[in-house]
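Engineer: Structure file entry_18.cif, mmCIF, C-alpha atoms and all ligand atoms, is pasted below:
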```cif
data_final
loop_
_atom_site.label_atom_id
_atom_site.label_comp_id
_atom_site.auth_asym_id
_atom_site.auth_seq_id
_atom_site.Cartn_x
_atom_site.Cartn_y
_atom_site.Cartn_z
CA MET V 1 0.00 0.00 0.00
CA SER V 2 1.39 3.38 -0.87
CA ASP V 3 1.01 6.41 1.35
CA PHE V 4 1.28 9.43 -0.85
CA LEU V 5 1.92 12.75 0.80
CA LEU V 6 0.24 14.65 -2.03
CA LYS V 7 -2.47 13.49 -4.38
CA LEU V 8 -3.86 15.62 -7.17
CA ASN V 9 -6.84 13.88 -8.70
CA ALA V 10 -8.17 15.04 -12.09
CA VAL V 11 -7.52 18.67 -11.23
CA LYS V 12 -9.01 21.20 -13.61
CA LYS V 13 -8.79 24.96 -13.40
CA ARG V 14 -10.47 27.54 -15.55
CA PHE V 15 -10.39 31.26 -15.02
CA ILE V 16 -13.16 33.53 -16.22
CA LEU V 17 -11.85 36.60 -17.98
CA GLY V 18 -14.66 39.00 -18.75
CA LYS V 19 -17.21 36.43 -19.83
CA GLN V 20 -14.71 34.15 -21.50
CA PRO V 21 -13.67 30.95 -19.75
CA VAL V 22 -9.90 30.39 -19.86
CA PRO V 23 -9.19 26.69 -19.34
CA VAL V 24 -5.70 26.41 -17.80
CA LEU V 25 -5.51 22.95 -16.21
CA LYS V 26 -7.41 20.28 -18.10
CA GLY V 27 -7.30 17.25 -15.81
CA VAL V 28 -4.02 16.75 -13.99
CA SER V 29 -3.43 13.75 -11.72
CA LEU V 30 -0.18 13.50 -9.83
CA HIS V 31 0.76 11.46 -6.77
CA VAL V 32 3.87 12.39 -4.83
CA ALA V 33 5.32 10.11 -2.16
CA GLN V 34 6.89 11.27 1.08
CA GLY V 35 10.57 12.06 0.48
CA GLU V 36 10.26 12.44 -3.26
CA THR V 37 11.69 15.30 -5.33
CA VAL V 38 9.61 16.13 -8.39
CA ALA V 39 10.57 18.72 -10.99
CA ILE V 40 7.81 20.26 -13.12
CA MET V 41 8.83 21.65 -16.47
CA GLY V 42 7.01 22.99 -19.49
CA PRO V 43 6.61 26.08 -21.63
CA SER V 44 5.53 29.46 -20.33
CA GLY V 45 1.77 29.56 -19.83
CA ALA V 46 1.44 25.76 -19.55
CA GLY V 47 -0.13 26.01 -16.09
CA LYS V 48 2.83 25.17 -13.82
CA THR V 49 2.37 28.00 -11.31
CA THR V 50 -1.37 27.42 -11.29
CA LEU V 51 -0.77 23.75 -10.50
CA LEU V 52 1.66 24.57 -7.69
CA ASN V 53 -0.74 27.12 -6.18
CA ILE V 54 -3.52 24.53 -6.20
CA ALA V 55 -1.26 21.80 -4.77
CA GLY V 56 -0.40 24.10 -1.86
CA GLY V 57 -3.96 25.23 -1.20
CA LEU V 58 -3.40 28.83 -2.32
CA MET V 59 -5.95 28.53 -5.12
CA CYS V 60 -8.91 26.18 -5.38
CA PRO V 61 -9.43 23.97 -8.42
CA SER V 62 -12.54 24.25 -10.60
CA SER V 63 -12.92 20.49 -10.23
CA GLY V 64 -10.91 17.55 -8.96
CA THR V 65 -9.40 17.09 -5.51
CA VAL V 66 -6.15 17.72 -3.67
CA GLU V 67 -5.18 15.53 -0.72
CA ILE V 68 -2.27 16.19 1.60
CA SER V 69 -1.53 13.42 4.07
CA GLY V 70 -4.90 11.89 3.23
CA ARG V 71 -6.80 15.10 4.00
CA ASP V 72 -8.98 16.60 1.27
CA LEU V 73 -7.66 20.18 1.33
CA PHE V 74 -10.59 21.93 -0.26
CA ALA V 75 -13.28 20.00 1.62
CA GLN V 76 -12.37 22.12 4.66
CA ASN V 77 -13.64 25.56 5.60
CA ASP V 78 -11.31 28.56 5.18
CA GLU V 79 -9.92 28.23 8.66
CA GLY V 80 -9.11 24.53 8.20
CA LEU V 81 -7.56 25.23 4.83
CA SER V 82 -5.29 27.95 6.14
CA ARG V 83 -4.30 25.72 9.09
CA SER V 84 -3.43 22.87 6.71
CA ARG V 85 -1.44 25.26 4.56
CA SER V 86 0.69 26.58 7.37
CA GLN V 87 1.08 23.12 8.92
CA TYR V 88 1.94 21.12 5.80
CA VAL V 89 3.22 23.43 3.10
CA GLY V 90 6.21 25.73 2.62
CA PHE V 91 6.36 27.97 -0.45
CA VAL V 92 9.34 29.42 -2.23
CA PHE V 93 7.97 31.90 -4.74
CA GLN V 94 9.76 33.03 -7.87
CA MET V 95 9.71 36.57 -6.57
CA HIS V 96 10.82 35.70 -3.08
CA HIS V 97 8.45 38.18 -1.35
CA LEU V 98 10.82 38.87 1.54
CA LEU V 99 9.75 41.82 3.68
CA PRO V 100 12.24 44.58 2.89
CA GLU V 101 12.20 46.25 6.30
CA PHE V 102 12.84 43.00 8.18
CA THR V 103 16.22 41.35 8.66
CA ALA V 104 16.99 37.90 7.23
CA GLU V 105 16.44 36.41 10.67
CA GLU V 106 13.09 38.16 11.15
CA ASN V 107 11.90 37.15 7.69
CA VAL V 108 12.67 33.50 8.46
CA MET V 109 10.99 33.72 11.87
CA LEU V 110 7.79 35.14 10.46
CA PRO V 111 5.84 31.91 9.67
CA ALA V 112 6.49 30.68 13.22
CA MET V 113 5.54 34.00 14.80
CA ILE V 114 2.26 33.95 12.85
CA GLN V 115 1.58 30.55 14.39
CA GLY V 116 2.20 32.01 17.85
CA ALA V 117 5.63 30.52 18.50
CA VAL V 118 7.83 31.70 21.40
CA ARG V 119 10.10 34.41 19.96
CA ARG V 120 13.32 33.04 21.43
CA LEU V 121 12.71 29.54 20.06
CA ALA V 122 11.69 30.89 16.66
CA CYS V 123 14.86 32.96 16.59
CA GLU V 124 17.02 29.94 17.42
CA ARG V 125 15.44 27.86 14.67
CA ALA V 126 15.68 30.73 12.18
CA ARG V 127 19.40 31.08 12.90
CA SER V 128 19.99 27.37 12.57
CA LEU V 129 18.14 27.30 9.21
CA LEU V 130 20.06 30.35 7.99
CA ALA V 131 23.28 28.61 8.98
CA GLU V 132 22.14 25.53 7.07
CA VAL V 133 21.71 27.59 3.91
CA GLY V 134 25.14 29.14 4.43
CA LEU V 135 24.04 32.53 5.77
CA GLU V 136 25.36 32.36 9.33
CA LYS V 137 27.06 35.72 8.79
CA ARG V 138 23.97 37.45 7.40
CA PHE V 139 21.37 37.20 10.19
CA LYS V 140 21.01 40.98 10.52
CA HIS V 141 21.06 41.89 6.83
CA ARG V 142 17.90 43.22 5.24
CA PRO V 143 16.93 41.86 1.78
CA GLY V 144 18.34 44.98 0.10
CA GLU V 145 21.69 44.19 1.74
CA LEU V 146 21.79 40.65 0.34
CA SER V 147 22.63 39.29 -3.12
CA GLY V 148 19.90 37.66 -5.25
CA GLY V 149 21.10 34.15 -4.39
CA GLU V 150 21.28 35.03 -0.70
CA GLN V 151 17.75 36.42 -0.78
CA GLN V 152 16.54 33.22 -2.38
CA ARG V 153 18.29 31.20 0.34
CA VAL V 154 16.53 33.28 3.01
CA ALA V 155 13.24 32.50 1.21
CA ILE V 156 14.07 28.78 1.32
CA ALA V 157 14.90 28.96 5.03
CA ARG V 158 11.62 30.82 5.63
CA ALA V 159 9.67 28.18 3.70
CA LEU V 160 11.18 25.48 5.96
CA MET V 161 10.56 27.36 9.22
CA ASN V 162 7.43 25.48 10.24
CA GLU V 163 8.89 22.11 9.17
CA PRO V 164 6.43 21.65 6.30
CA ARG V 165 5.90 18.14 5.00
CA LEU V 166 5.80 19.55 1.49
CA LEU V 167 8.12 22.20 0.03
CA LEU V 168 6.83 23.88 -3.13
CA ALA V 169 9.23 26.03 -5.12
CA ASP V 170 8.27 28.06 -8.18
CA GLU V 171 11.30 28.74 -10.38
CA PRO V 172 13.52 29.34 -7.37
CA THR V 173 16.58 29.89 -9.55
CA GLY V 174 14.89 31.83 -12.36
CA ASP V 175 16.83 35.05 -11.83
CA LEU V 176 20.14 33.56 -10.74
CA ASP V 177 23.39 32.92 -12.59
CA GLY V 178 24.46 29.33 -13.24
CA VAL V 179 26.84 28.98 -10.31
CA THR V 180 24.41 30.47 -7.79
CA ALA V 181 21.59 28.36 -9.21
CA LYS V 182 23.70 25.24 -8.78
CA GLY V 183 24.24 26.12 -5.12
CA ILE V 184 20.48 26.38 -4.64
CA HIS V 185 19.95 23.03 -6.39
CA GLU V 186 22.46 21.43 -4.05
CA LEU V 187 20.63 22.95 -1.12
CA PHE V 188 17.35 21.34 -2.17
CA GLN V 189 19.15 18.06 -2.73
CA ARG V 190 20.68 18.22 0.74
CA PHE V 191 17.35 18.96 2.43
CA ASN V 192 15.86 16.04 0.54
CA GLU V 193 18.65 13.61 1.38
CA THR V 194 19.35 14.56 4.98
CA HIS V 195 15.85 15.56 6.14
CA GLY V 196 13.74 13.46 3.75
CA GLN V 197 12.10 16.71 2.66
CA THR V 198 9.45 16.20 -0.03
CA ILE V 199 9.96 18.83 -2.73
CA ILE V 200 8.15 19.92 -5.87
CA ILE V 201 10.07 22.40 -7.99
CA VAL V 202 8.77 24.23 -11.02
CA THR V 203 11.70 25.11 -13.22
CA HIS V 204 12.85 25.96 -16.72
CA ASN V 205 16.31 24.75 -15.77
CA PRO V 206 17.09 21.23 -17.06
CA GLU V 207 19.96 21.01 -14.55
CA LEU V 208 17.35 20.80 -11.80
CA GLY V 209 16.15 17.55 -13.32
CA ARG V 210 19.36 16.00 -12.09
CA ILE V 211 18.36 16.33 -8.46
CA ALA V 212 14.82 15.10 -9.05
CA ASN V 213 13.45 11.59 -8.75
CA ARG V 214 10.97 12.49 -11.46
CA VAL V 215 10.57 15.19 -14.05
CA ILE V 216 6.99 15.93 -15.10
CA THR V 217 6.36 17.91 -18.26
CA ILE V 218 3.21 19.99 -18.57
CA GLU V 219 1.96 21.44 -21.82
CA ASP V 220 -1.28 23.30 -22.32
CA GLY V 221 -2.70 22.22 -18.98
CA LEU V 222 -1.94 18.52 -19.25
CA ILE V 223 0.88 16.22 -18.15
CA VAL V 224 2.47 15.13 -21.40
CA GLY V 225 5.62 13.48 -20.14
CA GLU V 226 7.19 11.84 -17.13
CA LYS V 227 10.81 10.86 -16.74
CA GLY V 228 12.34 9.03 -13.81
CA VAL V 229 11.00 6.60 -11.27
CA ALA V 230 8.11 7.34 -8.93
CA LYS V 231 9.29 6.84 -5.38
CA ASP V 232 6.66 4.28 -4.37
CA ALA V 233 7.70 2.18 -7.35
CA VAL V 234 11.28 1.89 -6.07
CA SER V 235 10.66 1.75 -2.34
CA ASP V 236 11.27 -2.01 -2.30
CA LEU V 237 14.81 -1.59 -3.58
CA PRO V 238 17.70 -1.79 -1.10
CA SER V 239 18.48 1.53 0.58
CA GLY V 240 19.91 4.03 -1.85
CA GLY V 241 17.99 2.35 -4.63
CA SER V 242 15.93 5.40 -5.42
CA GLU V 243 17.53 6.38 -8.69
CA ARG V 244 18.32 9.94 -9.61
CA ILE V 245 17.94 11.12 -13.11
CA SER V 246 21.34 11.60 -14.65
CA ASP V 247 20.34 13.10 -17.94
N1 LIG S 301 -6.17 35.00 -12.92
C1 LIG S 301 -6.08 34.60 -14.19
N2 LIG S 301 -7.08 34.89 -15.07
C2 LIG S 301 -7.01 34.48 -16.35
N3 LIG S 301 -5.99 33.73 -16.87
C3 LIG S 301 -4.99 33.42 -16.03
C4 LIG S 301 -4.97 33.82 -14.65
N4 LIG S 301 -3.85 33.35 -14.07
C5 LIG S 301 -3.19 32.68 -15.04
N5 LIG S 301 -3.86 32.72 -16.22
C6 LIG S 301 -3.45 32.10 -17.48
O1 LIG S 301 -3.20 30.73 -17.21
C7 LIG S 301 -2.13 30.26 -18.00
C8 LIG S 301 -1.16 29.49 -17.10
O2 LIG S 301 -0.54 30.39 -16.18
P1 LIG S 301 0.62 29.91 -15.22
O3 LIG S 301 1.03 31.09 -14.43
O4 LIG S 301 0.16 28.72 -14.45
O5 LIG S 301 1.72 29.48 -16.28
P2 LIG S 301 3.19 28.91 -16.07
O6 LIG S 301 3.25 27.56 -16.68
O7 LIG S 301 3.56 29.04 -14.64
O8 LIG S 301 4.05 29.91 -16.96
P3 LIG S 301 5.52 30.57 -16.68
O9 LIG S 301 6.51 29.51 -17.05
O10 LIG S 301 5.53 31.73 -17.65
O11 LIG S 301 5.59 31.00 -15.27
C9 LIG S 301 -1.53 31.47 -18.67
O12 LIG S 301 -1.87 31.44 -20.04
C10 LIG S 301 -2.14 32.66 -17.97
O13 LIG S 301 -2.34 33.72 -18.85
MG MG S 302 4.91 30.26 -13.60
#
```
Re-express the file's structure as structure tokens.
Structural biologist:
Amino acid sequence: MSDFLLKLNAVKKRFILGKQPVPVLKGVSLHVAQGETVAIMGPSGAGKTTLLNIAGGLMCPSSGTVEISGRDLFAQNDEGLSRSRSQYVGFVFQMHHLLPEFTAEENVMLPAMIQGAVRRLACERARSLLAEVGLEKRFKHRPGELSGGEQQRVAIARALMNEPRLLLADEPTGDLDGVTAKGIHELFQRFNETHGQTIIIVTHNPELGRIANRVITIEDGLIVGEKGVAKDAVSDLPSGGSERISD
């Protein structure tokens, strides 16, 4: 029996623009196991961000269901949905959305403070996460005093603050040079390998495929390709048997 962390079942999304329906997702089913890294690729406008927003409960589907840890996300009321979101999901947005007037440390602490955490404990965890992403000397810097790659690392630390089961990242290396992007890829890989972090990354960067168990391609609102091995399908292999995609 497989216990998927995330299940998207026949998810459709259409926007209404004026009076015109705009079909964006046309029936997407995707099951992601605990500890899996999935990359989502596809041309601009294919529906990748829309899919990620729906998977994380930020946007509701027009039809279909989303389950996280067996819970039907959108069957809950608003309060339940926002609790599930902050409990289970961490987001890294393409535009990192750091608060400019807050320091790196305060930005990372924020999700915990919103949940009512004790400030001292939140601060300790924020510092340990910032150290883990290589920013132990940048606690007191504001976003404007950090490089693009550093800002993105703060955003990753912030997304991990509440220990989400599922980390969703939307083109986290879109604006970064190759070397900096590689550092971010390695960071995701490390969080996956050492913490068993489940990660879904939307990317245009084929290099990111190398750290993923699976690469899903979306075109025009549908999954048109899948490369790699779904984690549940390899879980019977000896440890270390979960193959990474090398090309
Ligand atoms: N609120 C909206 N109303 C109408 N159409 C929308 C809305 N949001 C997105 N769309 C349309 O949905 C399609 C998919 O958008 P989405 O942002 O998911 O694409 P994407 O695959 O993430 O593209 P990119 O790689 O450029 O980020 C686009 O054609 C977009 O114009
Ligand atoms: Mg997008």
Engineer: Would you list the residues that come within 12 Å of ligand MG 302 (chain S)? Count all atoms listed in the file and give the answer as a CSV table (one decimal) with C-alpha atoms, in the coordinates of the input.
Structural biologist:
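Written output follows (out.csv):
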```
chain,number,residue,atom,x,y,z
V,40,ILE,CA,7.8,20.3,-13.1
V,41,MET,CA,8.8,21.6,-16.5
V,42,GLY,CA,7.0,23.0,-19.5
V,43,PRO,CA,6.6,26.1,-21.6
V,44,SER,CA,5.5,29.5,-20.3
V,45,GLY,CA,1.8,29.6,-19.8
V,46,ALA,CA,1.4,25.8,-19.6
V,47,GLY,CA,-0.1,26.0,-16.1
V,48,LYS,CA,2.8,25.2,-13.8
V,49,THR,CA,2.4,28.0,-11.3
V,50,THR,CA,-1.4,27.4,-11.3
V,51,LEU,CA,-0.8,23.8,-10.5
V,52,LEU,CA,1.7,24.6,-7.7
V,53,ASN,CA,-0.7,27.1,-6.2
V,93,PHE,CA,8.0,31.9,-4.7
V,94,GLN,CA,9.8,33.0,-7.9
V,95,MET,CA,9.7,36.6,-6.6
V,169,ALA,CA,9.2,26.0,-5.1
V,170,ASP,CA,8.3,28.1,-8.2
V,171,GLU,CA,11.3,28.7,-10.4
V,172,PRO,CA,13.5,29.3,-7.4
V,174,GLY,CA,14.9,31.8,-12.4
V,201,ILE,CA,10.1,22.4,-8.0
V,202,VAL,CA,8.8,24.2,-11.0
V,203,THR,CA,11.7,25.1,-13.2
V,204,HIS,CA,12.8,26.0,-16.7
V,218,ILE,CA,3.2,20.0,-18.6
```
Engineer: Return as lines of an AutoDock Vina configuration file the box centre and box size in Å, one decimal, for an axis-aligned box around all listed atoms of region 62-71 of chain V padded by 8 Å per side.
Structural biologist:
```
center_x = -7.2
center_y = 18.1
center_z = -3.3
size_x = 27.4
size_y = 28.4
size_z = 30.7
```
Engineer: Which residues, written as a PyMOL selection string, have at least one atom at most 9 Å from region 80-84 of chain V, with all atoms listed in the file counted and residues fewer than 4 positions away on the same chain left out?
Structural biologist: chain V and resi 57-58+68+71+73-76+88-89
Engineer: Neighbouring residues of Glu132 (chain V) were defined as those with any atom within 12 Å, considering all atoms listed in the file; residues of the same chain fewer than 5 positions away were excluded. Please report them as an NGL selection string.
Structural biologist: :V and (125-127 or 137 or 153-154 or 156-158 or 160-161 or 184 or 186-188 or 190-191 or 194-195)
Engineer: Report the distance between CA of Ala117 (chain V) and CA of Leu166 (chain V) in Å, rounded to one decimal place.
Structural biologist: 20.2 Å
Engineer: Fewer than 2 positions away in the same chain doesn't count, so skip those; otherwise give me all residues within 12 Å of Leu25 (chain V), counting all atoms listed in the file, as a PyMOL selection string.
Structural biologist: chain V and resi 8-15+21-23+27-29+45-54+60-64+218-223
Engineer: Using all atoms listed in the file, list the residues that have an atom at most 10 Å from (23.7, 36.1, 12.5), coordinates as in the file, as a list of chain:residue names.
Structural biologist: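 Returned residue set, sorted by chain then number, is V:Thr103, V:Ala104, V:Glu105, V:Ala126, V:Arg127, V:Ser128, V:Leu130, V:Ala131, V:Leu135, V:Glu136, V:Lys137, V:Arg138, V:Phe139, V:Lys140, V:His141.
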Engineer: At a cut-off of 9 Å around the point (7.1, 27.4, 10.3) (file coordinates), what residues fall inside when counting only C-alpha atoms? I'd like the answer as JSON, numbers by chain.
Structural biologist: {"V": [86, 87, 90, 108, 109, 110, 111, 112, 113, 114, 115, 117, 122, 158, 159, 160, 161, 162, 163, 164]}
Engineer: Could you check the closest approach to Val66 (chain V) for each of V:Leu176, V:Leu5, V:Gly225, V:Ala212 and tell me which residue wins, using only C-alpha atoms?
Structural biologist: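 Result for the nearest residue to Val66 (chain V): V:Leu5.
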Engineer: Considering all atoms listed in the file, can you say which of V:Thr217, V:Thr180, V:Leu99, V:Gly144 comes closest to ligand LIG 301 (chain S)?
Structural biologist: V:Thr217
Engineer: Give me, please, the distance in Å between CA of Val224 (chain V) and atom N2 of ligand LIG 301 (chain S), quoted to one decimal.
Structural biologist: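 Here the two named atoms are 22.8 Å from each other.
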Engineer: For a test of reading the model, state the distance in Å between CA of Asp78 (chain V) and CA of Ile16 (chain V), rounded to one decimal.
Structural biologist: 22.0 Å
